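Structure data follow from input_15.tsv (TSV, C-alpha atoms):
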```
chain	number	residue	atom	x	y	z
A	1	MET	CA	37.40	-66.87	221.76
A	2	ALA	CA	39.11	-64.06	219.92
A	3	GLU	CA	42.72	-63.40	220.72
A	4	GLU	CA	43.02	-60.18	222.70
A	5	ARG	CA	45.03	-57.82	220.59
A	6	GLN	CA	44.54	-54.41	219.05
A	7	LYS	CA	44.33	-53.88	215.31
A	8	SER	CA	47.44	-52.46	213.68
A	9	PRO	CA	47.36	-49.16	211.77
A	10	GLY	CA	47.48	-51.13	208.52
A	11	GLU	CA	44.56	-53.29	209.62
A	12	ALA	CA	42.60	-50.21	210.66
A	13	ASP	CA	43.08	-48.65	207.22
A	14	ALA	CA	42.20	-51.91	205.46
A	15	TRP	CA	39.05	-52.27	207.58
A	16	GLY	CA	37.90	-48.81	206.58
A	17	GLU	CA	38.37	-49.64	202.90
A	18	LEU	CA	36.61	-52.98	203.37
A	19	VAL	CA	33.56	-51.31	204.93
A	20	ASP	CA	33.45	-48.75	202.11
A	21	THR	CA	33.60	-51.56	199.53
A	22	ALA	CA	30.87	-53.57	201.27
A	23	ARG	CA	28.61	-50.50	201.33
A	24	ARG	CA	29.30	-49.94	197.65
A	25	THR	CA	28.01	-53.42	196.79
A	26	VAL	CA	24.65	-52.39	198.27
A	27	THR	CA	24.63	-48.93	196.68
A	28	ASP	CA	25.42	-50.39	193.26
A	29	GLY	CA	22.71	-53.05	193.57
A	30	LEU	CA	25.02	-56.06	193.66
A	31	VAL	CA	23.60	-57.30	196.96
A	32	VAL	CA	20.47	-56.76	199.04
A	33	GLY	CA	20.56	-56.32	202.80
A	34	THR	CA	23.41	-58.28	204.37
A	35	SER	CA	23.86	-60.77	201.54
A	36	GLY	CA	27.30	-61.08	199.98
A	37	ASN	CA	30.56	-60.38	201.80
A	38	VAL	CA	33.97	-58.78	201.41
A	39	SER	CA	37.42	-59.61	202.78
A	40	VAL	CA	40.97	-58.30	202.59
A	41	ARG	CA	44.23	-59.93	203.61
A	42	VAL	CA	46.76	-58.01	205.72
A	43	GLY	CA	49.80	-60.20	206.31
A	44	ASP	CA	48.45	-63.49	207.62
A	45	THR	CA	45.25	-61.91	208.94
A	46	VAL	CA	42.03	-61.90	206.93
A	47	LEU	CA	39.65	-59.05	207.72
A	48	VAL	CA	36.11	-59.98	206.75
A	49	THR	CA	32.59	-58.62	207.00
A	50	PRO	CA	30.72	-60.07	209.99
A	51	SER	CA	27.63	-62.24	209.66
A	52	GLY	CA	24.23	-60.58	209.53
A	53	VAL	CA	25.31	-57.00	210.31
A	54	PRO	CA	24.05	-54.28	207.92
A	55	TYR	CA	27.07	-52.58	206.39
A	56	ASP	CA	25.86	-49.09	207.26
A	57	ARG	CA	26.09	-50.03	210.94
A	58	LEU	CA	29.72	-51.14	210.86
A	59	THR	CA	32.17	-48.89	212.71
A	60	PRO	CA	35.97	-48.82	213.08
A	61	ASP	CA	35.54	-50.74	216.36
A	62	ASP	CA	33.75	-53.62	214.62
A	63	VAL	CA	36.88	-54.92	212.89
A	64	THR	CA	36.58	-58.69	212.46
A	65	GLY	CA	39.65	-60.75	211.61
A	66	VAL	CA	40.72	-64.38	211.42
A	67	ASP	CA	43.95	-66.20	210.67
A	68	LEU	CA	44.33	-68.39	207.59
A	69	GLU	CA	42.96	-71.37	209.54
A	70	GLY	CA	39.81	-69.47	210.45
A	71	ARG	CA	40.63	-68.79	214.10
A	72	GLN	CA	39.32	-65.39	215.17
A	73	VAL	CA	42.13	-63.01	216.12
A	74	LEU	CA	40.38	-59.63	215.99
A	75	GLY	CA	36.98	-58.53	217.25
A	76	THR	CA	34.03	-60.36	218.76
A	77	LEU	CA	31.49	-60.31	215.91
A	78	VAL	CA	30.97	-63.67	214.19
A	79	PRO	CA	32.64	-63.70	210.73
A	80	THR	CA	30.60	-64.21	207.58
A	81	SER	CA	29.16	-67.68	207.06
A	82	GLU	CA	31.02	-67.76	203.72
A	83	LEU	CA	34.40	-67.74	205.48
A	84	PRO	CA	35.38	-71.18	204.04
A	85	MET	CA	35.21	-69.73	200.50
A	86	HIS	CA	37.34	-66.73	201.37
A	87	LEU	CA	39.99	-68.78	203.17
A	88	ALA	CA	40.14	-71.31	200.33
A	89	VAL	CA	40.95	-68.54	197.87
A	90	TYR	CA	43.64	-67.00	200.09
A	91	ARG	CA	45.29	-70.37	200.68
A	92	SER	CA	45.30	-71.28	196.99
A	93	THR	CA	46.05	-68.00	195.16
A	94	ASP	CA	47.93	-64.72	195.53
A	95	ALA	CA	44.65	-62.91	196.31
A	96	ARG	CA	44.78	-59.95	198.68
A	97	ALA	CA	41.07	-59.08	198.49
A	98	ILE	CA	37.80	-60.87	197.69
A	99	VAL	CA	34.29	-59.66	196.83
A	100	HIS	CA	31.28	-62.02	196.88
A	101	THR	CA	27.88	-60.80	195.68
A	102	HIS	CA	24.41	-61.99	194.74
A	103	ALA	CA	24.28	-59.79	191.63
A	104	VAL	CA	21.03	-60.37	189.73
A	105	HIS	CA	22.22	-60.84	186.14
A	106	ALA	CA	25.25	-62.91	187.12
A	107	THR	CA	23.14	-65.15	189.34
A	108	ALA	CA	20.62	-65.57	186.52
A	109	VAL	CA	23.40	-66.66	184.15
A	110	SER	CA	24.62	-69.16	186.76
A	111	THR	CA	21.30	-71.00	186.42
A	112	LEU	CA	21.48	-71.26	182.62
A	113	VAL	CA	24.95	-72.29	181.43
A	114	PRO	CA	28.14	-74.00	182.70
A	115	GLU	CA	30.17	-70.91	181.82
A	116	LEU	CA	29.50	-67.36	180.68
A	117	PRO	CA	29.96	-67.29	176.89
A	118	PRO	CA	32.73	-64.90	175.70
A	119	ILE	CA	30.42	-62.07	174.73
A	120	HIS	CA	32.95	-59.29	175.31
A	121	TYR	CA	36.72	-58.85	175.26
A	122	MET	CA	36.76	-58.04	178.99
A	123	THR	CA	36.46	-61.80	179.39
A	124	GLY	CA	40.23	-61.73	178.93
A	125	ALA	CA	40.68	-59.55	182.00
A	126	LEU	CA	39.28	-62.37	184.15
A	127	GLY	CA	41.57	-65.04	182.69
A	128	GLY	CA	39.09	-66.43	180.16
A	129	PRO	CA	35.44	-67.52	180.02
A	130	VAL	CA	34.00	-67.39	183.52
A	131	ARG	CA	32.98	-70.83	184.76
A	132	VAL	CA	30.01	-71.75	186.95
A	133	ALA	CA	30.80	-73.67	190.15
A	134	PRO	CA	28.19	-76.42	190.75
A	135	TYR	CA	25.68	-75.68	193.47
A	136	ALA	CA	26.39	-76.55	197.09
A	137	THR	CA	24.93	-75.22	200.32
A	138	TYR	CA	26.31	-71.84	201.30
A	139	GLY	CA	29.05	-71.76	203.93
A	140	THR	CA	30.17	-75.35	203.28
A	141	ASP	CA	33.55	-76.80	202.40
A	142	GLU	CA	31.86	-78.44	199.39
A	143	LEU	CA	30.99	-75.04	197.97
A	144	ALA	CA	34.53	-73.81	198.63
A	145	GLN	CA	35.98	-76.76	196.70
A	146	ASN	CA	33.55	-76.35	193.80
A	147	MET	CA	34.52	-72.69	193.67
A	148	LEU	CA	38.27	-73.44	193.60
A	149	HIS	CA	37.85	-75.75	190.60
A	150	ALA	CA	35.89	-73.06	188.76
A	151	LEU	CA	38.52	-70.44	189.62
A	152	ALA	CA	41.46	-72.39	188.17
A	153	ASP	CA	43.43	-69.88	186.02
A	154	ARG	CA	40.66	-67.32	186.58
A	155	SER	CA	40.11	-64.39	188.92
A	156	ALA	CA	36.32	-64.78	188.93
A	157	CYS	CA	33.62	-67.42	188.82
A	158	LEU	CA	29.87	-67.75	189.11
A	159	LEU	CA	28.30	-69.82	191.88
A	160	GLN	CA	25.32	-71.77	190.59
A	161	ASN	CA	21.97	-70.43	191.88
A	162	HIS	CA	23.96	-68.24	194.27
A	163	GLY	CA	26.10	-65.40	192.95
A	164	THR	CA	29.64	-64.30	192.12
A	165	ILE	CA	33.09	-64.33	193.63
A	166	THR	CA	36.09	-62.37	192.39
A	167	TYR	CA	39.52	-61.66	193.79
A	168	GLY	CA	42.38	-59.28	193.13
A	169	SER	CA	45.51	-57.67	194.49
A	170	THR	CA	43.42	-54.85	196.01
A	171	LEU	CA	39.83	-54.30	197.06
A	172	THR	CA	39.42	-51.88	194.16
A	173	GLN	CA	40.55	-54.51	191.66
A	174	ALA	CA	38.36	-57.22	193.17
A	175	TYR	CA	35.35	-54.90	193.13
A	176	ASP	CA	35.98	-53.76	189.56
A	177	ARG	CA	36.13	-57.39	188.44
A	178	THR	CA	32.79	-58.04	190.13
A	179	ALA	CA	31.23	-55.05	188.39
A	180	GLN	CA	32.64	-56.12	185.00
A	181	LEU	CA	31.35	-59.66	185.49
A	182	GLU	CA	27.85	-58.46	186.32
A	183	TRP	CA	27.94	-56.13	183.30
A	184	MET	CA	29.00	-58.94	180.95
A	185	CYS	CA	26.25	-61.20	182.30
A	186	HIS	CA	23.71	-58.43	181.70
A	187	LEU	CA	25.10	-57.95	178.19
A	188	TRP	CA	24.85	-61.65	177.35
A	189	LEU	CA	21.32	-61.98	178.69
A	190	THR	CA	20.27	-58.90	176.71
A	191	SER	CA	21.88	-60.04	173.45
A	192	ARG	CA	20.41	-63.55	173.59
A	193	SER	CA	16.90	-62.23	174.28
A	194	ILE	CA	16.34	-61.01	170.71
A	195	PRO	CA	14.09	-63.55	168.92
A	196	GLY	CA	15.64	-65.16	165.86
A	197	LEU	CA	19.14	-63.78	166.46
A	198	THR	CA	22.17	-65.37	168.07
A	199	PRO	CA	24.91	-63.17	169.57
A	200	ASN	CA	28.36	-63.32	168.05
A	201	LEU	CA	30.92	-64.74	170.47
A	202	LEU	CA	34.67	-64.17	170.56
A	203	THR	CA	37.11	-66.93	169.73
A	204	GLU	CA	39.56	-68.29	172.27
A	205	ARG	CA	42.40	-66.50	170.49
A	206	GLN	CA	40.52	-63.18	170.48
A	207	VAL	CA	39.97	-63.48	174.23
A	208	GLU	CA	43.65	-64.31	174.79
A	209	GLU	CA	44.79	-61.34	172.71
A	210	ALA	CA	42.50	-59.02	174.64
A	211	GLY	CA	43.80	-60.41	177.92
A	212	GLU	CA	47.39	-59.74	176.86
A	213	ARG	CA	46.59	-56.14	175.92
A	214	LEU	CA	44.61	-55.53	179.09
A	215	ARG	CA	47.56	-56.55	181.25
A	216	GLY	CA	49.35	-53.44	180.01
A	217	TYR	CA	46.31	-51.17	180.13
A	218	GLY	CA	46.32	-47.91	182.09
A	219	GLN	CA	48.86	-45.39	183.27
A	220	ARG	CA	52.45	-46.33	183.92
A	221	GLY	CA	54.89	-44.98	186.43
```

Can you present the structure in this file as structure tokens?
Amino acid sequence: MAEERQKSPGEADAWGELVDTARRTVTDGLVVGTSGNVSVRVGDTVLVTPSGVPYDRLTPDDVTGVDLEGRQVLGTLVPTSELPMHLAVYRSTDARAIVHTHAVHATAVSTLVPELPPIHYMTGALGGPVRVAPYATYGTDELAQNMLHALADRSACLLQNHGTITYGSTLTQAYDRTAQLEWMCHLWLTSRSIPGLTPNLLTERQVEEAGERLRGYGQRG
């Protein structure tokens, strides 16, 4: 049973942003239907998309929240079946937001290689070459553990024959990392499809240098 309490103003704002982000994953073609899921941490409460509910039907009253042990504390809708993955990330990292998708190019890459080759310098923005977590049934603790190993020192990983997961300090950052990962997977698949040619890959040092520069990228103040 959910604990009877009202959402705080901060949770209400975070829920609105979460719903907008979830809808964007559909609009941008990163998921189909109700696949994939999004979460955001507010204090010790994790707001998460509910299971099997189309994102365009979610309202401010549908807020769904759990504590870090997975006990429901807000709402009555059943949380996403991928809750073990989300909670594992929050318990093990400084993540404040997570985006999980079934993006086509990224999922295709997850079936081909143990990690995405460093085809572009944005690899550095994710902590290094993005690893593929070995396949396990969705919604299981086994998948969550495989994912954590693949995420070590990274902010993104691929889930074999499944999709992507990225995290960040905000929903915007987590989403942007998902979009960059899908773009890099598309780039690699495109470059390796030319008969007789092999794409140039960046060295470990080149990726590290790009990562260092990207940490200072953008406006200051």

Give me the residues near range 173-179 of chain A as a JSON list (two decimals) with C-alpha atoms, keeping the file's coordinate frame, where near means some atom within 7 Å (using all atoms listed in the file) and where sequence neighbours in that chain fewer than 4 positions away do not count.
```json
[["chain", "number", "residue", "atom", "x", "y", "z"],
["A", 97, "ALA", "CA", 41.07, -59.08, 198.49],
["A", 98, "ILE", "CA", 37.80, -60.87, 197.69],
["A", 99, "VAL", "CA", 34.29, -59.66, 196.83],
["A", 166, "THR", "CA", 36.09, -62.37, 192.39],
["A", 167, "TYR", "CA", 39.52, -61.66, 193.79],
["A", 168, "GLY", "CA", 42.38, -59.28, 193.13],
["A", 169, "SER", "CA", 45.51, -57.67, 194.49],
["A", 183, "TRP", "CA", 27.94, -56.13, 183.30]]
```

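If you measure from each of A:Thr49, A:Thr59, A:Thr107, A:Ser191 to Ile165 in chain A using only C-alpha atoms, the closest one turns out to be A:Thr107.
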
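Minimum atom-to-atom distances from A:Ile119, A:Ala106, A:Ala88, A:Val78 to Glu204 in chain A were compared using all atoms listed in the file, and the lowest value belongs to A:Ile119.
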
Quote the spacing between CA of Leu201 in chain A and CA of His186 in chain A in Å to one decimal place.
14.8 Å

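Among the candidate residues A:Val26, A:Val63, A:Val40, A:Ala125, the one lying nearest to Ser8 in chain A is A:Val63, with distances computed using all atoms listed in the file.
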
Could you please determine the separation between CA of Val46 in chain A and CA of Cys185 in chain A in Å, to one decimal place?
29.3 Å

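The two atoms in question, CA of Glu17 in chain A and CA of Arg71 in chain A, are spaced 22.3 Å apart.
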
Glu115 in chain A: which residues within 6 Å, counting all atoms listed in the file, same-chain residues fewer than 6 positions away excluded, as a ChimeraX atom specification?
/A:130-132

Could you please take those selected residues and save C-alpha atoms as a short mmCIF file (atom, residue, chain, number, x, y, z; two decimals), keeping the file's coordinate frame?
```cif
data_model
loop_
_atom_site.label_atom_id
_atom_site.label_comp_id
_atom_site.auth_asym_id
_atom_site.auth_seq_id
_atom_site.Cartn_x
_atom_site.Cartn_y
_atom_site.Cartn_z
CA VAL A 130 34.00 -67.39 183.52
CA ARG A 131 32.98 -70.83 184.76
CA VAL A 132 30.01 -71.75 186.95
#
```

I'd like to know which of A:His120, A:Arg57, A:Lys7, A:His102 is closest to Gln206 in chain A, using only C-alpha atoms.
A:His120

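Closest to Glu142 in chain A among A:Gly52, A:Pro79, A:Gly65, A:Pro84 is A:Pro84, based on all atoms listed in the file.
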
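Nearest residue to His86 in chain A, choosing from A:Met147, A:Leu189, A:Leu197, A:Leu214 and counting all atoms listed in the file: A:Met147.
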
So which residues touch His105 in chain A within 12 Å, counting all atoms listed in the file, skipping near sequence neighbours fewer than 3 positions away, as a PyMOL selection string?
chain A and resi 29-31+101-102+108-112+116+158+161-164+178-190

Pull range 136-190 of chain A out of the block and emit C-alpha atoms, as a PDB file, in the first residue's frame.
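Written output follows (part-v6.pdb):
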```pdb
ATOM      1  CA  ALA A 136      19.186 -10.633 -18.515  1.00  0.00           C
ATOM      2  CA  THR A 137      15.407 -10.649 -18.286  1.00  0.00           C
ATOM      3  CA  TYR A 138      13.924  -7.193 -17.920  1.00  0.00           C
ATOM      4  CA  GLY A 139      12.908  -6.087 -14.435  1.00  0.00           C
ATOM      5  CA  THR A 140      15.267  -8.501 -12.663  1.00  0.00           C
ATOM      6  CA  ASP A 141      17.990  -7.922 -10.102  1.00  0.00           C
ATOM      7  CA  GLU A 142      20.353  -9.786 -12.451  1.00  0.00           C
ATOM      8  CA  LEU A 143      19.863  -7.138 -15.113  1.00  0.00           C
ATOM      9  CA  ALA A 144      20.384  -4.393 -12.527  1.00  0.00           C
ATOM     10  CA  GLN A 145      23.696  -5.937 -11.456  1.00  0.00           C
ATOM     11  CA  ASN A 146      24.877  -6.436 -15.041  1.00  0.00           C
ATOM     12  CA  MET A 147      24.026  -2.798 -15.697  1.00  0.00           C
ATOM     13  CA  LEU A 148      25.974  -1.544 -12.648  1.00  0.00           C
ATOM     14  CA  HIS A 149      29.128  -3.341 -13.813  1.00  0.00           C
ATOM     15  CA  ALA A 150      28.785  -1.792 -17.272  1.00  0.00           C
ATOM     16  CA  LEU A 151      28.219   1.659 -15.747  1.00  0.00           C
ATOM     17  CA  ALA A 152      31.404   1.653 -13.652  1.00  0.00           C
ATOM     18  CA  ASP A 153      33.071   5.073 -14.270  1.00  0.00           C
ATOM     19  CA  ARG A 154      30.466   5.790 -16.951  1.00  0.00           C
ATOM     20  CA  SER A 155      27.202   7.719 -17.115  1.00  0.00           C
ATOM     21  CA  ALA A 156      25.717   5.473 -19.810  1.00  0.00           C
ATOM     22  CA  CYS A 157      25.646   1.877 -20.953  1.00  0.00           C
ATOM     23  CA  LEU A 158      23.913  -0.331 -23.488  1.00  0.00           C
ATOM     24  CA  LEU A 159      21.751  -3.244 -22.386  1.00  0.00           C
ATOM     25  CA  GLN A 160      22.267  -6.247 -24.646  1.00  0.00           C
ATOM     26  CA  ASN A 161      19.267  -6.950 -26.918  1.00  0.00           C
ATOM     27  CA  HIS A 162      17.326  -4.392 -24.880  1.00  0.00           C
ATOM     28  CA  GLY A 163      18.262  -0.715 -25.029  1.00  0.00           C
ATOM     29  CA  THR A 164      20.051   2.113 -23.225  1.00  0.00           C
ATOM     30  CA  ILE A 165      20.303   3.625 -19.788  1.00  0.00           C
ATOM     31  CA  THR A 166      21.867   6.974 -18.926  1.00  0.00           C
ATOM     32  CA  TYR A 167      21.923   9.126 -15.829  1.00  0.00           C
ATOM     33  CA  GLY A 168      22.793  12.686 -14.906  1.00  0.00           C
ATOM     34  CA  SER A 169      22.410  15.463 -12.369  1.00  0.00           C
ATOM     35  CA  THR A 170      19.208  16.626 -14.105  1.00  0.00           C
ATOM     36  CA  LEU A 171      16.595  15.152 -16.410  1.00  0.00           C
ATOM     37  CA  THR A 172      17.893  17.381 -19.192  1.00  0.00           C
ATOM     38  CA  GLN A 173      21.419  16.027 -18.801  1.00  0.00           C
ATOM     39  CA  ALA A 174      20.260  12.410 -18.632  1.00  0.00           C
ATOM     40  CA  TYR A 175      18.127  12.886 -21.737  1.00  0.00           C
ATOM     41  CA  ASP A 176      20.902  14.638 -23.659  1.00  0.00           C
ATOM     42  CA  ARG A 177      23.252  11.754 -22.869  1.00  0.00           C
ATOM     43  CA  THR A 178      20.678   9.302 -24.205  1.00  0.00           C
ATOM     44  CA  ALA A 179      20.312  11.295 -27.407  1.00  0.00           C
ATOM     45  CA  GLN A 180      24.102  11.531 -27.852  1.00  0.00           C
ATOM     46  CA  LEU A 181      24.478   7.788 -27.281  1.00  0.00           C
ATOM     47  CA  GLU A 182      21.842   6.949 -29.877  1.00  0.00           C
ATOM     48  CA  TRP A 183      23.482   9.376 -32.326  1.00  0.00           C
ATOM     49  CA  MET A 184      26.924   7.812 -31.829  1.00  0.00           C
ATOM     50  CA  CYS A 185      25.493   4.325 -32.330  1.00  0.00           C
ATOM     51  CA  HIS A 186      23.853   5.489 -35.562  1.00  0.00           C
ATOM     52  CA  LEU A 187      27.146   7.054 -36.644  1.00  0.00           C
ATOM     53  CA  TRP A 188      29.126   3.872 -35.972  1.00  0.00           C
ATOM     54  CA  LEU A 189      26.636   1.635 -37.761  1.00  0.00           C
ATOM     55  CA  THR A 190      26.654   3.999 -40.753  1.00  0.00           C
TER      56      THR A 190
END
```
